[in-house]
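Enquirer: Input file: query_36.cif. Contents: mmCIF, C-alpha atoms.
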```cif
data_query
loop_
_atom_site.label_atom_id
_atom_site.label_comp_id
_atom_site.auth_asym_id
_atom_site.auth_seq_id
_atom_site.Cartn_x
_atom_site.Cartn_y
_atom_site.Cartn_z
CA MET H 1 -123.65 73.30 217.90
CA GLU H 2 -123.04 76.32 215.67
CA ALA H 3 -119.67 76.87 214.01
CA THR H 4 -117.73 79.95 215.12
CA GLY H 5 -115.88 82.24 212.72
CA GLU H 6 -112.64 80.52 213.66
CA ASP H 7 -114.21 77.11 212.93
CA ARG H 8 -115.36 78.22 209.50
CA ALA H 9 -111.94 79.46 208.59
CA SER H 10 -110.62 75.92 208.93
CA GLY H 11 -113.80 74.02 208.09
CA TRP H 12 -117.32 73.34 209.29
CA PRO H 13 -117.79 70.76 212.07
CA ILE H 14 -119.58 67.56 211.14
CA GLN H 15 -122.75 68.44 213.06
CA ASP H 16 -123.20 71.67 211.12
CA VAL H 17 -122.50 69.98 207.78
CA ALA H 18 -125.04 67.25 208.55
CA ARG H 19 -127.66 69.85 209.48
CA MET H 20 -127.05 72.01 206.40
CA ALA H 21 -127.10 69.02 204.04
CA GLY H 22 -130.16 67.40 205.60
CA THR H 23 -128.28 64.25 206.48
CA THR H 24 -126.76 62.77 209.64
CA SER H 25 -123.33 62.72 211.25
CA ARG H 26 -123.50 58.93 211.11
CA THR H 27 -123.93 59.06 207.33
CA LEU H 28 -120.97 61.42 206.96
CA ARG H 29 -118.82 59.15 209.09
CA HIS H 30 -119.85 56.23 206.86
CA TYR H 31 -118.80 58.20 203.77
CA ASP H 32 -115.45 58.72 205.48
CA ASP H 33 -115.12 55.00 206.32
CA ILE H 34 -115.63 53.94 202.70
CA GLY H 35 -113.39 56.68 201.30
CA LEU H 36 -116.16 58.59 199.54
CA LEU H 37 -115.90 61.82 201.54
CA LYS H 38 -112.92 62.42 203.80
CA PRO H 39 -113.03 65.28 206.35
CA THR H 40 -110.55 68.05 205.71
CA ARG H 41 -109.14 67.63 209.17
CA VAL H 42 -109.84 65.91 212.46
CA GLY H 43 -109.48 67.99 215.61
CA SER H 44 -107.69 66.94 218.74
CA ASN H 45 -111.09 66.23 220.24
CA GLY H 46 -111.88 63.80 217.40
CA TYR H 47 -114.34 66.14 215.67
CA ARG H 48 -114.36 66.02 211.88
CA TYR H 49 -114.21 69.31 209.95
CA TYR H 50 -115.03 69.93 206.27
CA ASP H 51 -113.80 72.79 204.08
CA GLY H 52 -115.39 74.18 200.89
CA GLY H 53 -113.89 71.47 198.70
CA ALA H 54 -115.38 68.76 200.90
CA LEU H 55 -118.77 70.47 200.81
CA LEU H 56 -118.55 70.52 197.01
CA GLN H 57 -117.89 66.78 197.06
CA LEU H 58 -120.86 66.24 199.38
CA GLN H 59 -123.12 68.24 197.09
CA ARG H 60 -122.16 65.96 194.20
CA ILE H 61 -122.80 62.87 196.33
CA LEU H 62 -126.28 64.09 197.25
CA LEU H 63 -127.10 64.95 193.64
CA LEU H 64 -126.04 61.51 192.45
CA ARG H 65 -128.04 59.88 195.23
CA GLU H 66 -131.07 61.79 193.94
CA LEU H 67 -130.43 60.14 190.56
CA GLY H 68 -130.70 56.75 192.25
CA LEU H 69 -127.02 55.77 192.32
CA GLY H 70 -125.64 53.55 195.01
CA LEU H 71 -122.44 54.45 196.83
CA PRO H 72 -120.18 52.10 194.80
CA ALA H 73 -121.51 53.64 191.57
CA ILE H 74 -120.91 57.14 192.93
CA ALA H 75 -117.33 56.23 193.74
CA GLU H 76 -116.93 55.02 190.15
CA VAL H 77 -118.33 58.30 188.84
CA PHE H 78 -115.83 60.27 190.91
CA GLN H 79 -112.97 58.24 189.47
CA HIS H 80 -113.95 59.25 185.93
CA GLN H 81 -115.34 62.75 186.51
CA THR H 82 -112.46 64.62 188.11
CA ASP H 83 -113.59 68.08 187.01
CA PRO H 84 -116.28 69.13 189.54
CA VAL H 85 -117.41 72.17 187.53
CA ARG H 86 -118.06 70.09 184.41
CA ALA H 87 -119.85 67.44 186.45
CA LEU H 88 -122.01 69.95 188.30
CA THR H 89 -122.85 71.68 185.01
CA ARG H 90 -124.29 68.40 183.74
CA HIS H 91 -126.17 67.94 187.01
CA LEU H 92 -127.54 71.47 186.66
CA GLU H 93 -128.80 70.74 183.14
CA TRP H 94 -130.62 67.66 184.38
CA LEU H 95 -132.08 69.51 187.38
CA GLY H 96 -133.32 72.27 185.08
CA GLN H 97 -135.11 69.73 182.91
CA GLU H 98 -136.62 68.06 185.96
CA GLN H 99 -137.68 71.46 187.32
CA GLU H 100 -139.47 72.27 184.08
CA ARG H 101 -141.19 68.87 183.99
CA LEU H 102 -142.32 69.14 187.63
CA ALA H 103 -143.57 72.68 187.07
CA ARG H 104 -145.74 71.38 184.24
CA GLN H 105 -147.08 68.66 186.51
CA VAL H 106 -147.87 71.18 189.24
CA ARG H 107 -149.80 73.37 186.79
CA SER H 108 -151.64 70.34 185.45
CA VAL H 109 -152.71 69.07 188.88
CA ARG H 110 -153.68 72.58 190.00
CA ARG H 111 -155.91 72.96 186.92
CA THR H 112 -157.52 69.60 187.65
CA ILE H 113 -158.26 70.56 191.28
CA GLU H 114 -159.75 73.90 190.25
CA THR H 115 -161.86 72.29 187.55
CA VAL H 116 -163.24 69.62 189.92
CA GLN H 117 -163.96 72.20 192.64
CA GLN H 118 -165.84 74.39 190.18
CA GLY H 119 -167.78 71.48 188.72
CA GLY H 120 -166.28 72.03 185.30
CA GLU H 121 -165.50 69.50 182.59
CA LEU H 122 -162.06 67.92 182.69
CA VAL H 123 -159.94 68.38 179.58
CA ALA H 124 -157.96 65.18 179.11
CA GLU H 125 -155.30 66.83 176.95
CA LYS H 126 -154.43 69.22 179.80
CA MET H 127 -154.56 66.69 182.64
CA PHE H 128 -151.36 64.91 181.74
CA ASP H 129 -149.02 67.74 180.85
CA GLY H 130 -145.62 66.81 182.27
CA PHE H 131 -146.59 63.15 182.61
CA ASP H 132 -146.42 62.04 178.99
CA HIS H 133 -143.79 59.86 177.35
CA THR H 134 -143.41 62.10 174.28
CA GLN H 135 -140.54 64.21 175.60
CA TYR H 136 -138.16 62.64 173.03
CA LYS H 137 -140.59 62.94 170.11
CA ASP H 138 -138.48 65.45 168.15
CA GLU H 139 -135.29 63.41 168.57
CA VAL H 140 -136.99 60.20 167.44
CA GLU H 141 -138.59 61.82 164.40
CA GLU H 142 -135.38 63.59 163.41
CA ARG H 143 -133.22 60.47 163.64
CA TRP H 144 -135.59 57.70 162.53
CA GLY H 145 -138.58 59.40 160.90
CA LYS H 146 -142.14 60.28 161.84
CA ASP H 147 -143.36 56.77 161.07
CA ALA H 148 -141.05 55.32 163.73
CA TYR H 149 -142.43 57.68 166.35
CA ALA H 150 -146.04 57.13 165.25
CA LYS H 151 -145.73 53.34 165.53
CA SER H 152 -144.08 53.41 168.95
CA ASP H 153 -146.57 56.04 170.19
CA SER H 154 -149.51 53.95 169.01
CA TRP H 155 -148.04 50.86 170.67
CA TRP H 156 -147.62 52.71 173.96
CA ARG H 157 -151.13 54.14 173.96
CA SER H 158 -152.60 50.72 173.16
CA MET H 159 -151.36 49.26 176.46
CA ASP H 160 -153.45 49.28 179.62
CA GLU H 161 -152.07 50.66 182.87
CA ALA H 162 -150.87 47.26 184.13
CA GLU H 163 -148.94 46.64 180.93
CA LYS H 164 -147.38 50.10 181.09
CA ARG H 165 -146.32 49.54 184.70
CA GLU H 166 -144.80 46.17 183.78
CA TRP H 167 -142.85 47.70 180.89
CA LYS H 168 -141.64 50.60 183.02
CA SER H 169 -140.57 48.18 185.74
CA ARG H 170 -138.59 46.18 183.20
CA SER H 171 -136.92 49.36 181.93
CA GLU H 172 -136.08 50.56 185.44
CA GLY H 173 -134.68 47.15 186.33
CA LEU H 174 -132.41 47.27 183.31
CA GLY H 175 -131.19 50.72 184.34
CA ARG H 176 -130.48 49.59 187.90
CA ASP H 177 -128.54 46.58 186.62
CA TRP H 178 -126.44 48.83 184.39
CA LEU H 179 -125.62 51.06 187.36
CA ALA H 180 -124.73 48.11 189.56
CA THR H 181 -122.54 46.52 186.90
CA ALA H 182 -120.73 49.76 186.10
CA GLY H 183 -120.12 50.31 189.81
CA SER H 184 -118.82 46.79 190.36
CA GLY H 185 -115.62 47.37 188.43
CA ALA H 186 -116.73 45.29 185.45
CA VAL H 187 -115.33 46.11 182.02
CA PRO H 188 -117.59 46.92 179.02
CA GLY H 189 -116.36 43.91 177.04
CA GLY H 190 -116.70 41.44 179.91
CA ASP H 191 -119.38 38.79 180.34
CA ALA H 192 -121.50 40.77 182.83
CA ALA H 193 -121.67 43.88 180.66
CA GLN H 194 -122.22 41.90 177.47
CA ASP H 195 -125.09 39.95 179.03
CA LEU H 196 -126.67 43.29 179.91
CA ALA H 197 -126.05 44.60 176.41
CA ALA H 198 -127.90 41.58 175.00
CA ARG H 199 -130.82 42.33 177.35
CA HIS H 200 -130.72 45.98 176.29
CA VAL H 201 -130.89 45.11 172.59
CA ALA H 202 -133.75 42.68 173.26
CA TRP H 203 -135.53 45.49 175.10
CA LEU H 204 -135.05 47.81 172.10
CA ARG H 205 -136.38 45.12 169.77
CA SER H 206 -139.60 45.03 171.79
CA ILE H 207 -140.51 48.61 170.84
CA PRO H 208 -142.47 48.74 167.56
CA GLY H 209 -141.43 51.27 164.95
CA THR H 210 -137.74 51.32 165.79
CA PRO H 211 -135.06 50.00 163.43
CA ALA H 212 -134.40 47.33 166.05
CA ALA H 213 -137.93 45.98 165.66
CA GLU H 214 -138.41 46.40 161.90
CA ALA H 215 -137.34 43.68 159.49
CA GLY H 216 -134.34 44.86 157.49
CA GLY H 217 -133.76 47.82 159.79
CA ASP H 218 -130.28 49.12 160.50
CA ILE H 219 -130.22 47.69 163.99
CA LYS H 220 -126.47 48.10 164.42
CA GLY H 221 -126.61 51.76 163.46
CA TYR H 222 -129.64 52.24 165.70
CA VAL H 223 -128.00 50.65 168.74
CA THR H 224 -124.70 52.48 168.33
CA GLY H 225 -126.49 55.77 167.62
CA LEU H 226 -128.52 55.42 170.80
CA ALA H 227 -125.40 54.47 172.71
CA ASP H 228 -123.71 57.70 171.62
CA MET H 229 -126.81 59.68 172.54
CA TYR H 230 -126.77 58.26 176.07
CA VAL H 231 -123.45 60.04 176.64
CA ALA H 232 -124.06 63.20 174.61
CA ASP H 233 -127.48 64.08 176.04
CA PRO H 234 -127.61 64.65 179.83
CA ARG H 235 -131.28 63.63 179.89
CA PHE H 236 -130.30 60.15 178.74
CA ALA H 237 -127.07 60.08 180.73
CA ALA H 238 -129.04 60.73 183.93
CA ASN H 239 -130.69 57.31 183.53
CA TYR H 240 -127.28 55.71 183.97
CA GLY H 241 -125.88 57.90 186.72
CA GLY H 242 -124.35 60.61 184.58
CA GLU H 243 -121.62 60.72 181.98
CA ALA H 244 -119.41 58.00 183.50
CA GLY H 245 -122.22 55.46 183.74
CA ALA H 246 -123.53 56.33 180.29
CA THR H 247 -120.03 55.92 178.86
CA PHE H 248 -119.86 52.42 180.31
CA VAL H 249 -123.23 51.56 178.71
CA ARG H 250 -122.16 53.07 175.39
CA ASP H 251 -118.91 51.12 175.30
CA ALA H 252 -120.65 47.87 176.21
CA LEU H 253 -123.35 48.35 173.55
CA ARG H 254 -120.79 49.26 170.90
CA THR H 255 -118.77 46.16 171.72
CA TYR H 256 -121.90 44.01 171.58
CA ALA H 257 -122.93 45.56 168.26
CA ASP H 258 -119.51 44.90 166.73
CA ARG H 259 -119.57 41.29 167.87
CA ASN H 260 -123.18 40.36 167.22
CA LEU H 261 -125.07 42.78 164.94
#
```
Could you show the structure in this file as structure tokens?

Expert:
Amino acid sequence: MEATGEDRASGWPIQDVARMAGTTSRTLRHYDDIGLLKPTRVGSNGYRYYDGGALLQLQRILLLRELGLGLPAIAEVFQHQTDPVRALTRHLEWLGQEQERLARQVRSVRRTIETVQQGGELVAEKMFDGFDHTQYKDEVEERWGKDAYAKSDSWWRSMDEAEKREWKSRSEGLGRDWLATAGSGAVPGGDAAQDLAARHVAWLRSIPGTPAAEAGGDIKGYVTGLADMYVADPRFAANYGGEAGATFVRDALRTYADRNL
């Protein structure tokens, strides 16, 4: 079913919205049921219609889903981020960074294919452009010195692939637990958030070269500095579902640091 001009003046019907957004009418009805995305109006025939404001809300939902957030966490984000332009600007920054990283990966893989097809010699330094873990090298060196980056870089490169996968899995699990806790209505100073903060600090201590791992290092300053960075830098904030999630993590870590470090 295609919307007529009259339909568009008062909103797009649910079938058209589902088609344009690459989702399903059933999903949109579920968003309505849980209060995440209400239709602008419901016709006498029971059809749901969505105006431009509703489409804007749906775009934000889809972007946050791409970041890995569950629906309860998205609802929490909407409660704290009431300015859609500001929120979408942060999303746009993150998407731009992802676009650049993926473009580097595409060029890297294309070079590898061409080299193999032509029987040439693979250049290891060019094979992993866009895949490396050094994207925060400048920030680390600026804040904590070149020695800190060198030690952590050496530690990372010393691990085999299984060890790297295990460490990444642990990191991703921590991120998912932060998102779930923030979306559950927990408070930063509560037991659930503080247990996670303790896990987070233990995770930071496991990375050689950081003040958290070095004897006599300013671990409290390191933890609180990172916590602030999670909110200030959209690349970090994206790991926790955006500014609202990162703010929850920051507040929990700051509370933990004040109480324990």

Enquirer: So which residues touch stretch 246-260 of chain H within 10 Å, counting only C-alpha atoms, skipping near sequence neighbours fewer than 2 positions away, as a ChimeraX atom specification?

Expert: /H:80,175,178-179,181-183,186-190,192-198,200-201,219-234,236-244

Enquirer: Write out, as a PDB file, in the frame of the given file, the residues just selected, with C-alpha atoms.

Expert:
```
ATOM      1  CA  HIS H  80    -113.950  59.250 185.930  1.00  0.00           C
ATOM      2  CA  GLY H 175    -131.190  50.720 184.340  1.00  0.00           C
ATOM      3  CA  TRP H 178    -126.440  48.830 184.390  1.00  0.00           C
ATOM      4  CA  LEU H 179    -125.620  51.060 187.360  1.00  0.00           C
ATOM      5  CA  THR H 181    -122.540  46.520 186.900  1.00  0.00           C
ATOM      6  CA  ALA H 182    -120.730  49.760 186.100  1.00  0.00           C
ATOM      7  CA  GLY H 183    -120.120  50.310 189.810  1.00  0.00           C
ATOM      8  CA  ALA H 186    -116.730  45.290 185.450  1.00  0.00           C
ATOM      9  CA  VAL H 187    -115.330  46.110 182.020  1.00  0.00           C
ATOM     10  CA  PRO H 188    -117.590  46.920 179.020  1.00  0.00           C
ATOM     11  CA  GLY H 189    -116.360  43.910 177.040  1.00  0.00           C
ATOM     12  CA  GLY H 190    -116.700  41.440 179.910  1.00  0.00           C
ATOM     13  CA  ALA H 192    -121.500  40.770 182.830  1.00  0.00           C
ATOM     14  CA  ALA H 193    -121.670  43.880 180.660  1.00  0.00           C
ATOM     15  CA  GLN H 194    -122.220  41.900 177.470  1.00  0.00           C
ATOM     16  CA  ASP H 195    -125.090  39.950 179.030  1.00  0.00           C
ATOM     17  CA  LEU H 196    -126.670  43.290 179.910  1.00  0.00           C
ATOM     18  CA  ALA H 197    -126.050  44.600 176.410  1.00  0.00           C
ATOM     19  CA  ALA H 198    -127.900  41.580 175.000  1.00  0.00           C
ATOM     20  CA  HIS H 200    -130.720  45.980 176.290  1.00  0.00           C
ATOM     21  CA  VAL H 201    -130.890  45.110 172.590  1.00  0.00           C
ATOM     22  CA  ILE H 219    -130.220  47.690 163.990  1.00  0.00           C
ATOM     23  CA  LYS H 220    -126.470  48.100 164.420  1.00  0.00           C
ATOM     24  CA  GLY H 221    -126.610  51.760 163.460  1.00  0.00           C
ATOM     25  CA  TYR H 222    -129.640  52.240 165.700  1.00  0.00           C
ATOM     26  CA  VAL H 223    -128.000  50.650 168.740  1.00  0.00           C
ATOM     27  CA  THR H 224    -124.700  52.480 168.330  1.00  0.00           C
ATOM     28  CA  GLY H 225    -126.490  55.770 167.620  1.00  0.00           C
ATOM     29  CA  LEU H 226    -128.520  55.420 170.800  1.00  0.00           C
ATOM     30  CA  ALA H 227    -125.400  54.470 172.710  1.00  0.00           C
ATOM     31  CA  ASP H 228    -123.710  57.700 171.620  1.00  0.00           C
ATOM     32  CA  MET H 229    -126.810  59.680 172.540  1.00  0.00           C
ATOM     33  CA  TYR H 230    -126.770  58.260 176.070  1.00  0.00           C
ATOM     34  CA  VAL H 231    -123.450  60.040 176.640  1.00  0.00           C
ATOM     35  CA  ALA H 232    -124.060  63.200 174.610  1.00  0.00           C
ATOM     36  CA  ASP H 233    -127.480  64.080 176.040  1.00  0.00           C
ATOM     37  CA  PRO H 234    -127.610  64.650 179.830  1.00  0.00           C
ATOM     38  CA  PHE H 236    -130.300  60.150 178.740  1.00  0.00           C
ATOM     39  CA  ALA H 237    -127.070  60.080 180.730  1.00  0.00           C
ATOM     40  CA  ALA H 238    -129.040  60.730 183.930  1.00  0.00           C
ATOM     41  CA  ASN H 239    -130.690  57.310 183.530  1.00  0.00           C
ATOM     42  CA  TYR H 240    -127.280  55.710 183.970  1.00  0.00           C
ATOM     43  CA  GLY H 241    -125.880  57.900 186.720  1.00  0.00           C
ATOM     44  CA  GLY H 242    -124.350  60.610 184.580  1.00  0.00           C
ATOM     45  CA  GLU H 243    -121.620  60.720 181.980  1.00  0.00           C
ATOM     46  CA  ALA H 244    -119.410  58.000 183.500  1.00  0.00           C
TER      47      ALA H 244
END
```

Enquirer: If we count all atoms listed in the file and set the cut-off at 9 Å, which residues sit around H:Trp203, ignoring sequence neighbours fewer than 5 positions away in its own chain? Please answer as number ranges by chain.

Expert: H: 170-171, 174, 198

Enquirer: Can you spit out the residues from that selection as a CSV table (one decimal), keeping the file's coordinate frame, using C-alpha atoms?

Expert:
```csv
chain,number,residue,atom,x,y,z
H,170,ARG,CA,-138.6,46.2,183.2
H,171,SER,CA,-136.9,49.4,181.9
H,174,LEU,CA,-132.4,47.3,183.3
H,198,ALA,CA,-127.9,41.6,175.0
```

Enquirer: Could you spell out the hits of the PyMOL selection byres ((chain H and resi 31-36) around 10) on the shown file, as an MDAnalysis selection string?

Expert: chainID H and resid 25:30 37:39 48 57:58 61 71:72 74:75 78

Enquirer: Could you tell me how far atom CA of H:Ser108 lies from atom CA of H:Gly96, in Å and to one decimal?

Expert: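 Atom CA of H:Ser108 sits 18.4 Å away from atom CA of H:Gly96.
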
Enquirer: One number please: atom CA of H:Thr23 to atom CA of H:Ser10, in Å, one decimal.

Expert: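 These two atoms are separated by 21.3 Å.
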
Enquirer: Determine the nearest neighbour of H:Leu261 from the options H:Gly22, H:Gly185, H:Val17, H:Asp218, counting only C-alpha atoms.

Expert: H:Asp218

Enquirer: For the atom pair atom CA of H:Thr40 and atom CA of H:Arg90, what is the interatomic distance in Å to one decimal place?

Expert: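 Interatomic distance here is 25.9 Å.
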